[in-house]
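Shown below: target_17.cif, with mmCIF, C-alpha atoms.
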```cif
data_final
#
loop_
_atom_site.group_PDB
_atom_site.id
_atom_site.type_symbol
_atom_site.label_atom_id
_atom_site.label_comp_id
_atom_site.auth_asym_id
_atom_site.auth_seq_id
_atom_site.Cartn_x
_atom_site.Cartn_y
_atom_site.Cartn_z
ATOM 1 C CA MET A 840 6.935 17.870 -14.451
ATOM 2 C CA ALA A 841 8.128 14.392 -13.397
ATOM 3 C CA ALA A 842 11.692 13.926 -12.135
ATOM 4 C CA SER A 843 13.848 12.339 -14.834
ATOM 5 C CA CYS A 844 17.198 10.546 -15.051
ATOM 6 C CA PRO A 845 19.917 12.982 -16.245
ATOM 7 C CA SER A 846 21.641 10.131 -18.146
ATOM 8 C CA CYS A 847 18.802 8.662 -20.206
ATOM 9 C CA GLY A 848 15.999 11.224 -19.666
ATOM 10 C CA ARG A 849 13.362 8.684 -18.589
ATOM 11 C CA PRO A 850 11.009 9.299 -15.647
ATOM 12 C CA VAL A 851 12.332 8.195 -12.258
ATOM 13 C CA ALA A 852 10.460 5.387 -10.469
ATOM 14 C CA LEU A 853 12.033 5.545 -7.020
ATOM 15 C CA THR A 854 12.856 2.026 -5.847
ATOM 16 C CA ARG A 855 16.546 2.773 -5.171
ATOM 17 C CA PRO A 856 18.976 5.645 -5.918
ATOM 18 C CA GLN A 857 19.721 4.336 -9.433
ATOM 19 C CA CYS A 858 17.799 4.695 -12.692
ATOM 20 C CA LEU A 859 15.712 1.577 -13.382
ATOM 21 C CA TYR A 860 16.384 1.856 -17.121
ATOM 22 C CA CYS A 861 20.066 2.700 -17.594
ATOM 23 C CA GLY A 862 21.467 1.907 -14.128
ATOM 24 C CA ALA A 863 23.096 5.330 -13.691
ATOM 25 C CA ALA A 864 23.482 6.697 -10.166
ATOM 26 C CA LEU A 865 20.929 9.448 -9.538
ATOM 27 C CA PRO A 866 21.923 12.833 -8.074
ATOM 28 C CA ALA A 867 20.523 13.503 -4.607
ATOM 29 C CA ALA A 868 18.312 16.313 -5.952
ATOM 30 C CA VAL A 869 16.624 13.942 -8.433
ATOM 31 C CA VAL A 870 16.095 11.274 -5.761
ATOM 32 C CA GLU A 871 14.584 13.809 -3.361
ATOM 33 C CA GLU A 872 12.257 15.191 -6.064
ATOM 34 C CA ALA A 873 11.078 11.666 -6.975
ATOM 35 C CA ALA A 874 10.435 10.960 -3.279
ATOM 36 C CA ARG A 875 8.458 14.193 -2.971
ATOM 37 C CA GLN A 876 6.307 13.299 -5.986
ATOM 38 C CA ALA A 877 5.683 9.798 -4.623
ATOM 39 C CA ALA A 878 4.581 11.310 -1.313
ATOM 40 C CA VAL A 879 2.170 13.655 -3.099
ATOM 41 C CA GLU A 880 0.677 10.783 -5.124
ATOM 42 C CA THR A 881 0.094 8.460 -2.166
ATOM 43 C CA ALA A 882 -0.596 10.831 0.726
ATOM 44 C CA PRO A 883 -4.190 11.414 1.877
ATOM 45 C CA VAL A 884 -5.661 14.624 0.531
ATOM 46 C CA ASP A 885 -8.723 16.734 1.140
ATOM 47 C CA VAL A 886 -10.515 15.742 -2.053
ATOM 48 C CA ALA A 887 -13.250 18.297 -1.469
ATOM 49 C CA ALA A 888 -10.661 21.073 -1.742
ATOM 50 C CA ALA A 889 -8.613 19.494 -4.519
ATOM 51 C CA GLY A 890 -10.968 20.281 -7.403
ATOM 52 C CA PRO A 891 -13.736 18.419 -9.253
ATOM 53 C CA PRO A 892 -14.616 14.978 -7.853
ATOM 54 C CA ARG A 893 -12.615 12.065 -9.186
ATOM 55 C CA SER A 894 -13.114 8.310 -9.232
ATOM 56 C CA LEU A 895 -10.872 5.280 -9.338
ATOM 57 C CA LEU A 896 -11.621 2.958 -12.232
ATOM 58 C CA ILE A 897 -11.155 -0.591 -10.920
ATOM 59 C CA LEU A 898 -11.419 -3.763 -13.005
ATOM 60 C CA ASN A 899 -11.819 -7.355 -11.871
ATOM 61 C CA LEU A 900 -9.780 -9.246 -14.458
ATOM 62 C CA GLU A 901 -10.166 -12.734 -13.000
ATOM 63 C CA GLY A 902 -11.165 -14.815 -16.029
ATOM 64 C CA ALA A 903 -11.718 -11.690 -18.160
ATOM 65 C CA ASP A 904 -11.755 -11.692 -21.971
ATOM 66 C CA ALA A 905 -8.335 -10.437 -23.100
ATOM 67 C CA GLN A 906 -9.652 -9.251 -26.465
ATOM 68 C CA ALA A 907 -12.425 -7.227 -24.820
ATOM 69 C CA LEU A 908 -9.896 -5.740 -22.416
ATOM 70 C CA ALA A 909 -7.500 -4.817 -25.230
ATOM 71 C CA ALA A 910 -10.282 -3.140 -27.183
ATOM 72 C CA GLY A 911 -11.806 -1.396 -24.172
ATOM 73 C CA LEU A 912 -8.569 0.083 -22.817
ATOM 74 C CA ALA A 913 -6.665 0.434 -26.123
ATOM 75 C CA LEU A 914 -4.005 -2.036 -24.998
ATOM 76 C CA SER A 915 -1.830 -4.293 -27.083
ATOM 77 C CA ALA A 916 -2.914 -7.931 -27.204
ATOM 78 C CA PHE A 917 0.193 -8.914 -25.235
ATOM 79 C CA GLU A 918 -0.358 -6.379 -22.446
ATOM 80 C CA ALA A 919 -4.044 -7.288 -22.164
ATOM 81 C CA ALA A 920 -3.152 -10.994 -21.944
ATOM 82 C CA GLN A 921 -0.594 -10.287 -19.211
ATOM 83 C CA ARG A 922 -3.080 -8.285 -17.155
ATOM 84 C CA VAL A 923 -5.698 -11.032 -17.468
ATOM 85 C CA LYS A 924 -3.071 -13.602 -16.513
ATOM 86 C CA ARG A 925 -2.372 -11.625 -13.348
ATOM 87 C CA GLY A 926 -6.116 -11.531 -12.646
ATOM 88 C CA GLY A 927 -7.918 -10.078 -9.655
ATOM 89 C CA TRP A 928 -8.856 -6.472 -8.983
ATOM 90 C CA GLN A 929 -6.594 -3.937 -10.678
ATOM 91 C CA LEU A 930 -6.522 -0.142 -10.618
ATOM 92 C CA HIS A 931 -6.699 1.262 -14.149
ATOM 93 C CA ARG A 932 -6.828 5.024 -13.684
ATOM 94 C CA ILE A 933 -7.955 7.892 -11.462
ATOM 95 C CA MET A 934 -10.070 10.247 -13.567
ATOM 96 C CA PRO A 935 -12.896 12.795 -13.317
ATOM 97 C CA ALA A 936 -15.996 11.142 -11.875
ATOM 98 C CA GLU A 937 -18.209 11.708 -14.927
ATOM 99 C CA GLU A 938 -15.599 10.290 -17.278
ATOM 100 C CA ALA A 939 -15.078 7.304 -14.980
ATOM 101 C CA ASP A 940 -18.819 6.576 -14.938
ATOM 102 C CA ARG A 941 -19.028 6.710 -18.731
ATOM 103 C CA THR A 942 -15.967 4.496 -19.113
ATOM 104 C CA ALA A 943 -17.310 2.009 -16.568
ATOM 105 C CA GLU A 944 -20.606 1.746 -18.457
ATOM 106 C CA ARG A 945 -18.790 1.213 -21.750
ATOM 107 C CA LEU A 946 -16.543 -1.496 -20.344
ATOM 108 C CA ALA A 947 -19.457 -3.196 -18.622
ATOM 109 C CA ARG A 948 -21.291 -3.392 -21.962
ATOM 110 C CA ALA A 949 -18.168 -5.074 -23.374
ATOM 111 C CA GLY A 950 -18.496 -7.802 -20.751
ATOM 112 C CA LEU A 951 -15.872 -6.613 -18.255
ATOM 113 C CA ARG A 952 -16.414 -6.367 -14.506
ATOM 114 C CA VAL A 953 -15.649 -2.803 -13.480
ATOM 115 C CA LEU A 954 -16.242 -0.380 -10.609
ATOM 116 C CA ALA A 955 -15.963 3.403 -10.461
ATOM 117 C CA LEU A 956 -15.053 4.166 -6.842
ATOM 118 C CA PRO A 957 -15.362 7.791 -5.660
ATOM 119 C CA GLU A 958 -11.925 8.983 -4.586
ATOM 120 C CA ALA A 959 -13.392 10.499 -1.429
ATOM 121 C CA GLU A 960 -14.655 7.066 -0.370
ATOM 122 C CA VAL A 961 -11.176 5.605 -0.786
ATOM 123 C CA ARG A 962 -9.252 8.464 0.824
ATOM 124 C CA VAL A 963 -11.257 8.365 4.071
ATOM 125 C CA ALA A 964 -10.506 4.654 4.585
ATOM 126 C CA ARG A 965 -7.484 5.433 6.754
ATOM 127 C CA PRO A 966 -6.315 2.528 8.928
ATOM 128 C CA VAL A 967 -6.850 2.129 12.657
ATOM 129 C CA ALA A 968 -3.633 0.945 14.306
ATOM 130 C CA ALA A 969 -3.732 -2.062 16.623
ATOM 131 C CA ALA A 970 -0.989 -1.733 19.230
ATOM 132 C CA GLY A 971 -1.293 -5.312 20.420
ATOM 133 C CA GLY A 972 -3.632 -8.168 21.137
ATOM 134 C CA SER A 973 -4.051 -11.862 21.734
ATOM 135 C CA TRP A 974 -5.601 -14.971 20.204
ATOM 136 C CA THR A 975 -8.280 -16.445 22.450
ATOM 137 C CA GLY A 976 -8.873 -19.605 20.427
ATOM 138 C CA GLU A 977 -11.984 -18.196 18.724
ATOM 139 C CA VAL A 978 -11.384 -14.522 17.961
ATOM 140 C CA LEU A 979 -8.502 -12.107 17.691
ATOM 141 C CA THR A 980 -8.749 -9.503 20.448
ATOM 142 C CA LEU A 981 -6.972 -6.282 19.513
ATOM 143 C CA ARG A 982 -6.078 -3.169 21.484
ATOM 144 C CA THR A 983 -6.832 0.030 19.579
ATOM 145 C CA GLU A 984 -6.920 3.688 20.548
ATOM 146 C CA SER A 985 -10.696 3.413 20.988
ATOM 147 C CA GLY A 986 -10.481 0.339 23.215
ATOM 148 C CA PRO A 987 -10.412 -3.455 22.852
ATOM 149 C CA LEU A 988 -11.949 -4.982 19.754
ATOM 150 C CA ALA A 989 -12.750 -8.653 19.057
ATOM 151 C CA VAL A 990 -12.376 -9.672 15.409
ATOM 152 C CA GLY A 991 -13.522 -12.904 13.787
ATOM 153 C CA ALA A 992 -14.165 -14.148 10.265
ATOM 154 C CA GLY A 993 -17.785 -12.976 10.413
ATOM 155 C CA ASP A 994 -16.635 -9.384 10.936
ATOM 156 C CA LEU A 995 -14.327 -9.249 7.911
ATOM 157 C CA VAL A 996 -14.690 -8.931 4.141
ATOM 158 C CA LEU A 997 -11.015 -8.934 3.155
ATOM 159 C CA VAL A 998 -7.467 -9.244 4.454
ATOM 160 C CA VAL A 999 -4.730 -7.319 2.632
ATOM 161 C CA ARG A 1000 -1.137 -8.115 3.496
ATOM 162 C CA GLY A 1001 2.195 -7.163 2.011
ATOM 163 C CA PRO A 1002 5.845 -6.201 2.486
ATOM 164 C CA ILE A 1003 6.951 -2.626 3.121
ATOM 165 C CA ALA A 1004 10.127 -1.569 1.320
ATOM 166 C CA ARG A 1005 12.603 0.599 3.232
ATOM 167 C CA GLU A 1006 15.757 2.355 2.062
ATOM 168 C CA TYR A 1007 18.116 5.082 3.197
ATOM 169 C CA LEU A 1008 18.253 8.422 1.414
ATOM 170 C CA THR A 1009 21.562 10.156 2.139
ATOM 171 C CA PRO A 1010 22.212 13.675 0.804
ATOM 172 C CA GLU A 1011 25.186 13.958 -1.553
ATOM 173 C CA LYS A 1012 27.315 15.984 0.867
ATOM 174 C CA ALA A 1013 26.960 13.277 3.506
ATOM 175 C CA ARG A 1014 27.184 10.326 1.109
ATOM 176 C CA ARG A 1015 29.530 7.561 2.198
ATOM 177 C CA PHE A 1016 29.932 3.840 1.798
ATOM 178 C CA ARG A 1017 27.138 2.229 3.780
ATOM 179 C CA THR A 1018 27.181 -1.407 4.817
ATOM 180 C CA ALA A 1019 24.104 -1.348 7.075
ATOM 181 C CA THR A 1020 20.712 -2.069 5.540
ATOM 182 C CA LEU A 1021 17.207 -1.554 6.802
ATOM 183 C CA ASP A 1022 14.938 -4.415 7.773
ATOM 184 C CA GLN A 1023 11.951 -4.567 5.447
ATOM 185 C CA GLY A 1024 8.581 -4.050 7.091
ATOM 186 C CA TYR A 1025 5.256 -5.833 6.790
ATOM 187 C CA ARG A 1026 1.624 -4.907 7.324
ATOM 188 C CA PHE A 1027 -1.721 -6.665 7.695
ATOM 189 C CA HIS A 1028 -4.985 -4.816 7.023
ATOM 190 C CA LEU A 1029 -8.201 -6.370 8.280
ATOM 191 C CA HIS A 1030 -11.143 -4.858 6.385
ATOM 192 C CA ARG A 1031 -14.390 -4.935 8.349
ATOM 193 C CA ARG A 1032 -17.936 -5.229 7.065
ATOM 194 C CA GLU A 1033 -19.384 -2.278 8.939
ATOM 195 C CA ASP A 1034 -16.442 0.143 9.075
ATOM 196 C CA PRO A 1035 -14.499 1.383 6.020
ATOM 197 C CA ARG A 1036 -11.351 1.854 8.108
ATOM 198 C CA PRO A 1037 -9.165 -1.268 8.145
ATOM 199 C CA LEU A 1038 -7.361 -2.463 11.244
ATOM 200 C CA GLU A 1039 -3.605 -2.169 10.697
ATOM 201 C CA LEU A 1040 -1.268 -4.714 12.299
ATOM 202 C CA ASP A 1041 2.503 -4.187 12.265
ATOM 203 C CA PRO A 1042 4.449 -7.265 13.442
ATOM 204 C CA ALA A 1043 7.425 -5.071 14.424
ATOM 205 C CA ALA A 1044 5.295 -2.870 16.698
ATOM 206 C CA PHE A 1045 2.771 -5.397 18.015
ATOM 207 C CA ASP A 1046 2.562 -6.281 21.719
ATOM 208 C CA PHE A 1047 1.636 -9.969 21.928
ATOM 209 C CA GLY A 1048 1.292 -9.866 25.712
ATOM 210 C CA LEU A 1049 3.830 -12.688 26.039
ATOM 211 C CA ALA A 1050 6.969 -12.764 28.163
ATOM 212 C CA SER A 1051 8.937 -14.113 25.190
ATOM 213 C CA LEU A 1052 8.309 -15.286 21.647
ATOM 214 C CA THR A 1053 9.380 -18.725 20.431
ATOM 215 C CA GLU A 1054 8.948 -17.719 16.763
ATOM 216 C CA SER A 1055 9.201 -14.539 14.723
ATOM 217 C CA SER A 1056 6.574 -11.876 15.306
ATOM 218 C CA LEU A 1057 5.628 -12.028 11.612
ATOM 219 C CA LEU A 1058 5.020 -15.788 11.691
ATOM 220 C CA LEU A 1059 3.038 -15.628 14.928
ATOM 221 C CA LEU A 1060 0.860 -12.728 13.776
ATOM 222 C CA SER A 1061 0.357 -14.437 10.399
ATOM 223 C CA SER A 1062 -0.963 -17.547 12.134
ATOM 224 C CA TRP A 1063 -3.316 -15.486 14.308
ATOM 225 C CA VAL A 1064 -4.677 -13.575 11.320
ATOM 226 C CA GLU A 1065 -5.075 -16.785 9.311
ATOM 227 C CA LYS A 1066 -7.135 -18.390 12.075
ATOM 228 C CA ALA A 1067 -9.200 -15.275 12.817
ATOM 229 C CA ALA A 1068 -9.982 -14.706 9.110
ATOM 230 C CA ALA A 1069 -10.609 -18.322 8.101
ATOM 231 C CA GLY A 1070 -12.571 -18.349 4.835
ATOM 232 C CA VAL A 1071 -12.099 -14.603 4.223
ATOM 233 C CA PRO A 1072 -10.443 -13.592 0.912
ATOM 234 C CA VAL A 1073 -6.776 -12.621 1.288
ATOM 235 C CA ASP A 1074 -5.086 -10.204 -1.121
ATOM 236 C CA VAL A 1075 -1.300 -10.595 -1.399
ATOM 237 C CA ALA A 1076 -0.885 -8.862 -4.779
ATOM 238 C CA PHE A 1077 0.741 -5.747 -3.307
ATOM 239 C CA ARG A 1078 4.073 -7.575 -3.374
ATOM 240 C CA ARG A 1079 4.013 -7.232 -7.193
ATOM 241 C CA GLU A 1080 3.724 -3.439 -7.113
ATOM 242 C CA ALA A 1081 6.847 -1.409 -7.887
ATOM 243 C CA PRO A 1082 7.615 0.482 -4.637
ATOM 244 C CA ALA A 1083 6.754 4.189 -4.666
ATOM 245 C CA LEU A 1084 9.023 5.401 -1.881
ATOM 246 C CA ALA A 1085 8.378 8.488 0.221
ATOM 247 C CA PRO A 1086 9.796 9.844 3.504
ATOM 248 C CA ALA A 1087 8.879 7.446 6.286
ATOM 249 C CA ALA A 1088 6.763 8.701 9.159
ATOM 250 C CA THR A 1089 8.329 8.601 12.623
ATOM 251 C CA GLU A 1090 7.219 5.589 14.651
ATOM 252 C CA THR A 1091 5.404 6.550 17.858
ATOM 253 C CA GLY A 1092 5.342 3.181 19.572
ATOM 254 C CA GLY A 1093 6.520 -0.392 19.562
ATOM 255 C CA ILE A 1094 9.909 -1.906 18.836
ATOM 256 C CA GLU A 1095 10.651 0.390 15.893
ATOM 257 C CA ALA A 1096 10.226 3.495 18.059
ATOM 258 C CA ALA A 1097 12.470 2.061 20.776
ATOM 259 C CA LEU A 1098 15.254 1.464 18.251
ATOM 260 C CA GLN A 1099 15.120 4.918 16.707
ATOM 261 C CA ARG A 1100 17.987 7.274 17.472
ATOM 262 C CA PRO A 1101 17.535 10.721 19.045
ATOM 263 C CA ALA A 1102 16.472 13.524 16.699
ATOM 264 C CA GLU A 1103 19.842 15.262 17.157
ATOM 265 C CA ALA A 1104 21.724 12.216 15.865
ATOM 266 C CA ARG A 1105 19.426 11.844 12.871
ATOM 267 C CA LYS A 1106 19.892 15.508 11.967
ATOM 268 C CA GLU A 1107 23.664 15.296 12.337
ATOM 269 C CA ASP A 1108 23.908 12.254 10.083
ATOM 270 C CA ALA A 1109 21.477 13.843 7.604
ATOM 271 C CA VAL A 1110 20.075 10.411 6.771
ATOM 272 C CA GLN A 1111 16.432 9.957 5.849
ATOM 273 C CA VAL A 1112 14.495 6.716 5.668
ATOM 274 C CA LEU A 1113 12.153 6.104 2.748
ATOM 275 C CA ASP A 1114 9.355 3.560 2.614
ATOM 276 C CA ASN A 1115 6.196 2.752 0.645
ATOM 277 C CA LEU A 1116 3.799 2.478 3.585
ATOM 278 C CA GLU A 1117 1.456 5.142 2.177
ATOM 279 C CA GLN A 1118 1.407 3.282 -1.138
ATOM 280 C CA PHE A 1119 0.338 0.129 0.713
ATOM 281 C CA ARG A 1120 -2.356 2.008 2.629
ATOM 282 C CA PHE A 1121 -3.794 3.507 -0.554
ATOM 283 C CA TYR A 1122 -3.735 0.122 -2.319
ATOM 284 C CA SER A 1123 -5.438 -1.517 0.663
ATOM 285 C CA ALA A 1124 -8.038 1.263 0.872
ATOM 286 C CA TRP A 1125 -9.332 0.831 -2.682
ATOM 287 C CA ARG A 1126 -9.168 -2.967 -2.411
ATOM 288 C CA GLY A 1127 -11.289 -2.832 0.733
ATOM 289 C CA CYS A 1128 -13.806 -0.504 -0.926
ATOM 290 C CA ALA A 1129 -14.018 -2.817 -3.953
ATOM 291 C CA ALA A 1130 -14.536 -5.878 -1.749
ATOM 292 C CA ARG A 1131 -17.279 -4.147 0.210
ATOM 293 C CA ARG A 1132 -19.022 -3.015 -2.985
ATOM 294 C CA ALA A 1133 -18.803 -6.494 -4.505
ATOM 295 C CA ARG A 1134 -20.565 -8.219 -1.598
#
```

Can you give me the file's structure in the form of structure tokens?
Amino acid sequence: MAASCPSCGRPVALTRPQCLYCGAALPAAVVEEAARQAAVETAPVDVAAAGPPRSLLILNLEGADAQALAAGLALSAFEAAQRVKRGGWQLHRIMPAEEADRTAERLARAGLRVLALPEAEVRVARPVAAAGGSWTGEVLTLRTESGPLAVGAGDLVLVVRGPIAREYLTPEKARRFRTATLDQGYRFHLHRREDPRPLELDPAAFDFGLASLTESSLLLLSSWVEKAAAGVPVDVAFRREAPALAPAATETGGIEAALQRPAEARKEDAVQVLDNLEQFRFYSAWRGCAARRAR
């Protein structure tokens, strides 16, 4: 059963410790339960052991017929028009594979562009972290756990980029007035033609191999990615997604890891950091699969 606001009874969408609908402050137990549910929804799972196979029903609504969309998905005319106005690839539902195939065929007959992506294909597209790299003037050379890798526009099918939301979650017994805020994160995913796993670049944990930077790490990495992926489609639509926050994983390298406090201090303060990094990774995974299928 979904966590709900004790004031208005509506489901909790965890973007901050207040109800999105009525503005009431949420008890710590409700916030923690919503975070747990978000983690379950976005975390990678062993789909083979999770039951019957499922598929993601993905629609390309760029220039789609709003009336056909409204009829096909049983939407109101207004909602269908808004989704078409947004355009691009959009995730409709995750459903049993057979049902997804039947629905995809029906929508295709109605003139809509649709894909039924096996969930297993999406879930295995986990990112490969790039710890650092350099721009050589022609390609972006990255350092990964498997060794150096040169990346150019010819190697890529899609770039997905977007902000990562971060917030504190403080248990009720330790709650106090907090003036400090967390810096929001950012990620780049470079989706390759021959490998379903995207390369993940984190500006806050990226070693540029320079003695000093004359501009922000985000701006510099953005310029490198833009030059390396010239002519490659770029998806920036993740910024429109409502954040689904979950407990943040501990950083193992880079600037973020250096700034983290000792485990004893974190336990004493009883403060947990939430982010939507797994939500971004799942979004990027299905977008990469759709781009590779649509080639």

Residues matched by the PyMOL selection byres ((chain A and resi 968) around 6), written as a ChimeraX atom specification: /A:967,969,1038-1039

Export of prior selection with C-alpha atoms as a PDB file, in the frame of the given file:
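Dumped everything to again-v2.pdb:
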```
ATOM      1  CA  VAL A 967      -6.850   2.129  12.657  1.00  0.00           C
ATOM      2  CA  ALA A 969      -3.732  -2.062  16.623  1.00  0.00           C
ATOM      3  CA  LEU A1038      -7.361  -2.463  11.244  1.00  0.00           C
ATOM      4  CA  GLU A1039      -3.605  -2.169  10.697  1.00  0.00           C
TER       5      GLU A1039
END
```

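For the atom pair formed by atom CA of Val923 of chain A and atom CA of Leu908 of chain A, the distance is 8.4 Å, given to one decimal.
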
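Restricting the calculation to only C-alpha atoms, the smallest distance between Glu944 of chain A and any of A:Leu896, A:Val999, A:Leu1084, A:Leu1060 is found for A:Leu896.
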
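Evaluated against this file, the PyMOL selection byres ((chain A and resi 1035) around 9) yields Glu960, Val961, Val963, Ala964, Arg965, Pro966, His1030, Arg1031, Arg1032, Glu1033, Asp1034, Arg1036, Pro1037, Ala1124, Gly1127, Cys1128 and Arg1131 of chain A.
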
Target residues per the PyMOL selection byres ((chain A and resi 930-943) around 10), formatted as an NGL selection string: :A and (890-899 or 911-912 or 928-929 or 944-949 or 951-958 or 1122 or 1125-1126)

Residue with smallest distance to Leu1059 of chain A - pool A:Pro1042, A:Phe1121, A:Lys924, A:Leu979, counting all atoms listed in the file: A:Pro1042

Atomic distance atom CA of Ala1076 of chain A - atom CA of Glu977 of chain A, expressed in Å with one decimal: 27.6 Å

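In this structure, atom CA of Arg1000 of chain A sits 5.7 Å away from atom CA of Arg1026 of chain A.
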
With 4 Å added on each side, what axis-aligned box encloses every listed atom of segment 957-975 of chain A? Give the centre and edge lengths in Å to one decimal, as JSON.
```
{"center_x": -8.2, "center_y": -3.0, "center_z": 8.4, "size_x": 22.4, "size_y": 34.9, "size_z": 36.1}
```

Nearby residues, (-10.5, -13.3, 12.9) file frame, 8 Å, all atoms listed in the file, as a count of residues only: 16

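If all atoms listed in the file are the atoms counted, then among A:Tyr1007, A:Arg922, A:Leu1040, A:Arg1120 the closest residue to Ala909 of chain A is A:Arg922.
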